[in-house]
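Working notes, beginning with the structure itself.
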Amino acid sequence: SVLQISAARCAVSTDTIVSAIAMIDSLVADQPSDIRSLLYLSEAMLYHKIYNYDSYEYNQRTTTETVPDDCRQWSRIHFAQKIIDLTDLATADSELLINRPIGNYKSVLAGLDSEQELFYPTLYDMVAYNAIELLSSFTDSMEIPFGKSDDKPDPSVVAEKRIEQLIDSLVMLHAERGEVAAVIKAIIERAKYVDDSKDYNELMLEGYEKYSHSEYSAEFLLEVRELGEKRADEFLHKCQDYLQRFAESYRSDAIREIVKSLTEPTAKIRRLKGRYMSTDDVMIDLSVKNVSKIRVELYAVDNKLFYKSNSSIRKEDMLHVKTLEVSCEIDSLSIVETVKQINLGRLDYGCYMVGVFVGDDDTNEFKPYLYH
């Protein structure tokens with residue numbers, strides 16, 4: 001197909017990309033509407049690839065009102081305006097694209113699987129989401145060097161408006177058709193690009209509450225990142241609630257991993273200084289989570305053995321120096337591990353290995369540090 005040919009020719013050099021763009025331009029007019037849409041999108045992707053090759057250079061250039069014939073002489077604004085125009089053309093016949101199931105295009109769309117068909121059920125979804133990704137590269141404000149702003153609007157403003165329009169159309173489309181999985185994907189995209197002034201995690205938790213009746217609500221939980229201590233309990237309960245409702249869903253294993261990460265006792269060495277003077281107390285920082293007590297073991301190692309390969313030193317090759325039992329105050333669960341500082345005291349000159357253990361667990365690796 002034409003789409004496969006253009007993709008194959010999109011190699012590593014800008015010369016071959018420019019040739020692929022010229023080929024698309026020569027063929028696009030004779031294609032049916034759906035293929036024309038895909039070709040306009042492909043052309044936008046190719047221009048974006050050229051821009052990404054040397055975006056710093058393009059960003060520094062002054063924009064001229066006359067657009068150079070060779071796109072490699074363009075500025076960032078020229079690329080933005082061209083990609084906006086091409087994505088507009090790609091999404092123009094939305095009604096036709098909406099009525100074309102994405103599964104009909106497996107021969108020209110690489111990597112299409114059943115899960116993608118679920119979240120992106122129509123050709124319009126595929127074209128619109130790709131257009132959104134391309135446009136998102138140009139949403140930072142740009143200086144307009146010619147004409148009045150009313151005549152030549154900032155392309156970043158246009159790009160933001162197009163993204164909002166495309167996402168709103170996707171939410172409305174799939175809500176009307178009762179396609180919950182696709183609606184959820186569109187809502188997540190809106191949180192990324194349109195509602196970015198709001199707290200992202202809060203939007204994800206709200207989304208889960210609204211769609212918790214559906215197994216696809218897991219998508220909201222999988223988007224949550226870096227919650228503080230106050231929200232970790234709530235997030236854990238939502239994950240456990242999901243598993244009670246949908247124990248065998250397509251995302252249940254991923255949600256179980258989240259629950260495990262939240263509840264599993266963890267203690268590991270976060271930072272070692274590496275070298276100490278003989279008058280220094282040896283301090284180490286530990287990352288701890290969900291533990292009330294940890295055991296820190298210190299072993300001395302022969303200098304020659306240490307320098308030869310400290311990553312493969314066996315426990316029987318080390319001389320036990322001391323064991324510290326350390327209590328940890330745990331107020332609540334947290335995705336973010338808390339830091340506990342341990343003082344090993346002053347040690348004799350030599351090389352040492354440190355191990356940190358939770359309960360009876362002896363599986364943690366020993367970490368080397370050098371002491372002088």
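Ordered as shown in the structure tokens, chains take letters A, B, and onward, while each chain numbers its residues from 1 and ligands are numbered from 1 in the order shown.
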
Next item on the list: Tell me which protein, DNA and RNA residues are within 10 Å of Leu135 (chain A), counting only C-alpha atoms, leaving out same-chain ones fewer than 4 positions away, and put them as number ranges by chain.
Entry: A: 44, 48, 80-81, 83-84, 87, 129-131, 139, 155-156, 158-163

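Checking A:Cys239, A:Asp154, A:Ile35, A:Glu164 one by one against Tyr105 (chain A), counting only C-alpha atoms, you find the shortest gap at A:Ile35.
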
Next item on the list: Find the residues around Ala247 (chain A) up to 12 Å (only C-alpha atoms counted), leave out those fewer than 6 positions away in its own chain, and share them as a PyMOL selection string.
Entry: chain A and resi 215+218+239-241+253-256

Next item on the list: Would you kindly return, as a ChimeraX atom specification, each protein, DNA or RNA residue with an atom no farther than 12 Å from any atom of Ser214 (chain A), considering only C-alpha atoms and excluding same-chain residues fewer than 5 positions away?
Entry: /A:178-184,207-209,219-220,241-243,245-246,249-251
